[in-house]
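> Below you will find the structure I want to go over with you.
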Amino acid sequence: MSLHYKHFEVTGHPKSTYTFVVTENSWHVYLLCSSSDLRTCYIYNDAISLEKTYKSKYKNMMRVLGQNCESGKPLNIFYNDKECHPILTIKIDGNEEKIWRIRQGELRLCFVYLPPKKRLILLRLFVKNDDTLKKKEKSSLKLLAEQVITDNTQTFALRIIP
């Protein structure tokens, strides 16, 4: 499977659109997609399936994330320890890599940092009433994170969806 990425620069579509100020020093946020078709973006599909009561919370979560990423500062300074922290650690080629989570109410946004540039890759969005990940959620996150972290960074720019 060839991974593709959609740069996250705007939220609030179709109304109340907010465009983020993205500079070289900002975090560059990308939505993970399994193909060049935007309909394969995991976050989009997770958001579409949200119950109506969570849709506005999701939009707010993404707006706040975009604003926090503008500064380029570590994200955990904008959130408390319960709101933003690593939820899983995986080993890849002998290195420990972390999967992070941002929590807003019942919503859980999972992501990884992708060096060497300031890239943040959004993996999945879950609705959770507790902080325990189900076995299926863990395996899904681990698989996606491993694919992102081992992805060919040399061709990353070529696989950004316009």
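If you're wondering about the labels, chains in the structure tokens are A, B, ... by order shown, residues count from 1 in each chain, ligands from 1 in order shown.
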Give me, as a list in words, all polymer residues having an atom no more than 8 Å from Lys57 (chain A), counting only C-alpha atoms and skipping those fewer than 3 positions away in the same chain.

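In the requested format, the answer is Thr53, Tyr54, Asn60, Met61, Gln104 and Leu107 of chain A.
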
> DSSP on the backbone, then: every residue of region 6-130 of chain A marked helix (DSSP H, G or I), written as an MDAnalysis selection string.

chainID A and resid 38:40 42:48 52:70 75:77

> Just the selected residues (N, CA and C atoms), exported as a short mmCIF file (atom, residue, chain, number, x, y, z; two decimals), in the first residue's frame, please.


data_model
loop_
_atom_site.label_atom_id
_atom_site.label_comp_id
_atom_site.auth_asym_id
_atom_site.auth_seq_id
_atom_site.Cartn_x
_atom_site.Cartn_y
_atom_site.Cartn_z
N LEU A 38 -9.06 11.37 -1.78
CA LEU A 38 -9.33 11.95 -0.46
C LEU A 38 -10.33 11.15 0.36
N ARG A 39 -11.16 10.39 -0.31
CA ARG A 39 -12.14 9.59 0.42
C ARG A 39 -11.50 8.47 1.21
N THR A 40 -10.19 8.25 1.03
CA THR A 40 -9.50 7.21 1.79
C THR A 40 -8.76 7.77 3.00
N TYR A 42 -8.22 8.52 6.60
CA TYR A 42 -8.75 7.88 7.80
C TYR A 42 -9.52 8.87 8.68
N ILE A 43 -8.98 10.05 8.88
CA ILE A 43 -9.64 11.04 9.72
C ILE A 43 -10.96 11.48 9.10
N TYR A 44 -10.99 11.71 7.79
CA TYR A 44 -12.25 12.08 7.13
C TYR A 44 -13.31 11.01 7.37
N ASN A 45 -12.94 9.76 7.17
CA ASN A 45 -13.90 8.67 7.35
C ASN A 45 -14.35 8.54 8.80
N ASP A 46 -13.42 8.73 9.72
CA ASP A 46 -13.79 8.69 11.13
C ASP A 46 -14.74 9.84 11.47
N ALA A 47 -14.47 11.03 10.92
CA ALA A 47 -15.30 12.20 11.20
C ALA A 47 -16.70 12.08 10.58
N ILE A 48 -16.76 11.54 9.37
CA ILE A 48 -18.05 11.37 8.70
C ILE A 48 -18.96 10.44 9.49
N LYS A 52 -24.04 13.09 15.33
CA LYS A 52 -24.23 14.54 15.19
C LYS A 52 -23.74 15.31 16.42
N THR A 53 -23.91 14.75 17.60
CA THR A 53 -23.52 15.44 18.83
C THR A 53 -22.01 15.67 18.91
N TYR A 54 -21.21 14.90 18.18
CA TYR A 54 -19.75 15.03 18.24
C TYR A 54 -19.18 15.88 17.11
N LYS A 55 -19.97 16.18 16.09
CA LYS A 55 -19.44 16.88 14.91
C LYS A 55 -18.88 18.26 15.25
N SER A 56 -19.60 19.05 16.04
CA SER A 56 -19.10 20.39 16.38
C SER A 56 -17.88 20.30 17.30
N LYS A 57 -17.84 19.30 18.18
CA LYS A 57 -16.67 19.09 19.04
C LYS A 57 -15.45 18.74 18.19
N TYR A 58 -15.67 17.91 17.16
CA TYR A 58 -14.59 17.54 16.26
C TYR A 58 -14.06 18.77 15.52
N LYS A 59 -14.96 19.59 14.99
CA LYS A 59 -14.53 20.79 14.27
C LYS A 59 -13.72 21.71 15.18
N ASN A 60 -14.19 21.87 16.42
CA ASN A 60 -13.46 22.70 17.37
C ASN A 60 -12.10 22.10 17.68
N MET A 61 -12.04 20.79 17.86
CA MET A 61 -10.78 20.11 18.15
C MET A 61 -9.76 20.35 17.04
N MET A 62 -10.20 20.26 15.81
CA MET A 62 -9.31 20.44 14.67
C MET A 62 -8.88 21.90 14.53
N ARG A 63 -9.79 22.83 14.81
CA ARG A 63 -9.44 24.25 14.76
C ARG A 63 -8.37 24.58 15.80
N VAL A 64 -8.57 24.10 17.02
CA VAL A 64 -7.60 24.33 18.09
C VAL A 64 -6.26 23.68 17.77
N LEU A 65 -6.28 22.47 17.24
CA LEU A 65 -5.05 21.80 16.85
C LEU A 65 -4.29 22.64 15.82
N GLY A 66 -5.00 23.09 14.80
CA GLY A 66 -4.37 23.92 13.77
C GLY A 66 -3.76 25.18 14.33
N GLN A 67 -4.47 25.84 15.23
CA GLN A 67 -3.95 27.05 15.86
C GLN A 67 -2.71 26.75 16.70
N ASN A 68 -2.74 25.65 17.44
CA ASN A 68 -1.61 25.28 18.29
C ASN A 68 -0.39 24.91 17.45
N CYS A 69 -0.61 24.37 16.28
CA CYS A 69 0.50 23.96 15.41
C CYS A 69 1.17 25.16 14.74
N GLU A 70 0.49 26.28 14.66
CA GLU A 70 1.06 27.46 13.99
C GLU A 70 2.38 27.90 14.61
N LEU A 75 3.47 20.41 21.13
CA LEU A 75 2.02 20.46 21.36
C LEU A 75 1.62 20.26 22.81
N ASN A 76 2.40 19.48 23.55
CA ASN A 76 1.99 19.20 24.92
C ASN A 76 2.02 20.43 25.83
N ILE A 77 2.60 21.55 25.39
CA ILE A 77 2.54 22.77 26.23
C ILE A 77 1.18 23.46 26.12
#

> List the neighbours of region 109-123 of chain A out to 7 Å using only C-alpha atoms; skip same-chain residues closer than 6 positions along the sequence, and give me the result as a ChimeraX atom specification.

/A:27-32,42-43,98-103,144-145,149

> From chain A, collect each residue whose DSSP state is strand (DSSP E) and return the set as a PyMOL selection string.

chain A and resi 4-7+10-11+18-19+28-33+84-92+95-104+107-114+119-127+160-161

> Pull N, CA and C atoms from the residues just selected and write them as a short mmCIF file (atom, residue, chain, number, x, y, z; two decimals), in the first residue's frame.


data_model
loop_
_atom_site.label_atom_id
_atom_site.label_comp_id
_atom_site.auth_asym_id
_atom_site.auth_seq_id
_atom_site.Cartn_x
_atom_site.Cartn_y
_atom_site.Cartn_z
N HIS A 4 -0.52 8.15 1.19
CA HIS A 4 -0.66 9.50 0.67
C HIS A 4 -1.05 10.40 1.83
N TYR A 5 -0.85 11.70 1.62
CA TYR A 5 -1.06 12.65 2.71
C TYR A 5 -1.80 13.88 2.19
N LYS A 6 -2.68 14.41 3.01
CA LYS A 6 -3.39 15.65 2.69
C LYS A 6 -2.96 16.68 3.72
N HIS A 7 -2.36 17.78 3.23
CA HIS A 7 -1.91 18.83 4.14
C HIS A 7 -3.13 19.49 4.78
N VAL A 10 -6.74 24.11 6.51
CA VAL A 10 -8.02 24.81 6.59
C VAL A 10 -9.02 23.92 7.31
N THR A 11 -9.85 24.52 8.13
CA THR A 11 -10.92 23.77 8.77
C THR A 11 -12.20 24.61 8.75
N TYR A 18 -11.61 28.53 8.50
CA TYR A 18 -10.45 29.10 9.18
C TYR A 18 -9.19 28.53 8.53
N THR A 19 -8.34 29.41 8.01
CA THR A 19 -7.08 29.00 7.39
C THR A 19 -5.96 29.24 8.38
N HIS A 28 3.67 21.00 10.49
CA HIS A 28 2.94 20.75 9.26
C HIS A 28 2.10 19.50 9.49
N VAL A 29 0.80 19.68 9.52
CA VAL A 29 -0.12 18.61 9.86
C VAL A 29 -0.65 17.97 8.58
N TYR A 30 -0.63 16.63 8.56
CA TYR A 30 -1.11 15.88 7.40
C TYR A 30 -2.12 14.82 7.84
N LEU A 31 -3.13 14.66 7.02
CA LEU A 31 -4.09 13.57 7.21
C LEU A 31 -3.57 12.38 6.43
N LEU A 32 -3.60 11.21 7.03
CA LEU A 32 -3.12 9.99 6.38
C LEU A 32 -4.20 9.40 5.50
N CYS A 33 -3.83 9.05 4.27
CA CYS A 33 -4.76 8.44 3.31
C CYS A 33 -4.13 7.16 2.76
N CYS A 84 -3.07 15.58 26.28
CA CYS A 84 -2.10 15.28 25.23
C CYS A 84 -0.94 14.50 25.82
N HIS A 85 -0.78 13.25 25.38
CA HIS A 85 0.31 12.42 25.86
C HIS A 85 0.45 11.18 24.96
N PRO A 86 1.60 10.50 25.06
CA PRO A 86 1.78 9.25 24.30
C PRO A 86 0.84 8.18 24.85
N ILE A 87 0.23 7.40 23.95
CA ILE A 87 -0.66 6.33 24.40
C ILE A 87 -0.10 4.95 24.09
N LEU A 88 0.79 4.88 23.12
CA LEU A 88 1.41 3.60 22.77
C LEU A 88 2.87 3.84 22.37
N THR A 89 3.70 2.86 22.68
CA THR A 89 5.08 2.89 22.23
C THR A 89 5.30 1.64 21.40
N ILE A 90 5.89 1.82 20.24
CA ILE A 90 6.17 0.68 19.37
C ILE A 90 7.67 0.67 19.05
N LYS A 91 8.18 -0.51 18.77
CA LYS A 91 9.59 -0.64 18.39
C LYS A 91 9.68 -0.84 16.89
N ILE A 92 10.50 -0.01 16.27
CA ILE A 92 10.74 -0.12 14.83
C ILE A 92 12.25 -0.05 14.62
N ASN A 95 14.32 1.08 17.48
CA ASN A 95 14.02 2.40 18.06
C ASN A 95 12.61 2.42 18.62
N GLU A 96 12.42 3.11 19.73
CA GLU A 96 11.09 3.28 20.29
C GLU A 96 10.43 4.50 19.67
N GLU A 97 9.24 4.31 19.17
CA GLU A 97 8.45 5.39 18.57
C GLU A 97 7.15 5.51 19.34
N LYS A 98 6.67 6.73 19.50
CA LYS A 98 5.46 6.96 20.28
C LYS A 98 4.28 7.34 19.40
N ILE A 99 3.13 6.83 19.78
CA ILE A 99 1.86 7.25 19.19
C ILE A 99 1.21 8.16 20.23
N TRP A 100 0.87 9.35 19.81
CA TRP A 100 0.33 10.36 20.71
C TRP A 100 -1.18 10.45 20.59
N ARG A 101 -1.78 11.07 21.61
CA ARG A 101 -3.23 11.25 21.62
C ARG A 101 -3.57 12.64 22.16
N ILE A 102 -4.51 13.29 21.49
CA ILE A 102 -5.12 14.51 22.02
C ILE A 102 -6.55 14.15 22.38
N ARG A 103 -6.94 14.52 23.57
CA ARG A 103 -8.27 14.19 24.08
C ARG A 103 -9.07 15.47 24.27
N GLN A 104 -10.28 15.46 23.75
CA GLN A 104 -11.23 16.54 24.00
C GLN A 104 -12.57 15.88 24.28
N LEU A 107 -13.72 12.58 22.47
CA LEU A 107 -12.96 12.42 21.23
C LEU A 107 -11.48 12.19 21.51
N ARG A 108 -10.89 11.28 20.75
CA ARG A 108 -9.47 10.96 20.87
C ARG A 108 -8.85 11.03 19.48
N LEU A 109 -7.92 11.96 19.29
CA LEU A 109 -7.23 12.14 18.02
C LEU A 109 -5.82 11.59 18.16
N CYS A 110 -5.50 10.58 17.38
CA CYS A 110 -4.21 9.89 17.49
C CYS A 110 -3.29 10.31 16.34
N PHE A 111 -2.00 10.50 16.68
CA PHE A 111 -1.05 10.98 15.68
C PHE A 111 0.36 10.54 16.02
N VAL A 112 1.25 10.72 15.05
CA VAL A 112 2.69 10.50 15.25
C VAL A 112 3.44 11.70 14.70
N TYR A 113 4.61 11.93 15.26
CA TYR A 113 5.53 12.93 14.72
C TYR A 113 6.39 12.23 13.68
N LEU A 114 6.64 12.88 12.56
CA LEU A 114 7.45 12.29 11.50
C LEU A 114 8.65 13.18 11.20
N ARG A 119 6.76 17.50 10.89
CA ARG A 119 5.53 16.91 10.36
C ARG A 119 4.81 16.15 11.46
N LEU A 120 3.51 16.31 11.45
CA LEU A 120 2.64 15.61 12.38
C LEU A 120 1.60 14.90 11.53
N ILE A 121 1.50 13.58 11.66
CA ILE A 121 0.60 12.79 10.82
C ILE A 121 -0.58 12.31 11.66
N LEU A 122 -1.78 12.73 11.29
CA LEU A 122 -2.98 12.31 12.00
C LEU A 122 -3.38 10.92 11.52
N LEU A 123 -3.53 10.00 12.47
CA LEU A 123 -3.82 8.61 12.13
C LEU A 123 -5.31 8.30 12.20
N ARG A 124 -5.91 8.46 13.36
CA ARG A 124 -7.30 8.05 13.57
C ARG A 124 -7.98 8.97 14.58
N LEU A 125 -9.30 8.96 14.54
CA LEU A 125 -10.14 9.67 15.49
C LEU A 125 -11.10 8.65 16.08
N PHE A 126 -11.14 8.59 17.41
CA PHE A 126 -12.03 7.66 18.09
C PHE A 126 -12.96 8.40 19.03
N VAL A 127 -14.12 7.83 19.25
CA VAL A 127 -15.01 8.28 20.32
C VAL A 127 -14.87 7.26 21.42
N ILE A 160 1.72 13.96 -1.68
CA ILE A 160 0.80 14.90 -1.03
C ILE A 160 -0.35 15.17 -1.99
N ILE A 161 -1.56 14.98 -1.51
CA ILE A 161 -2.75 15.18 -2.33
C ILE A 161 -3.05 16.68 -2.41
#
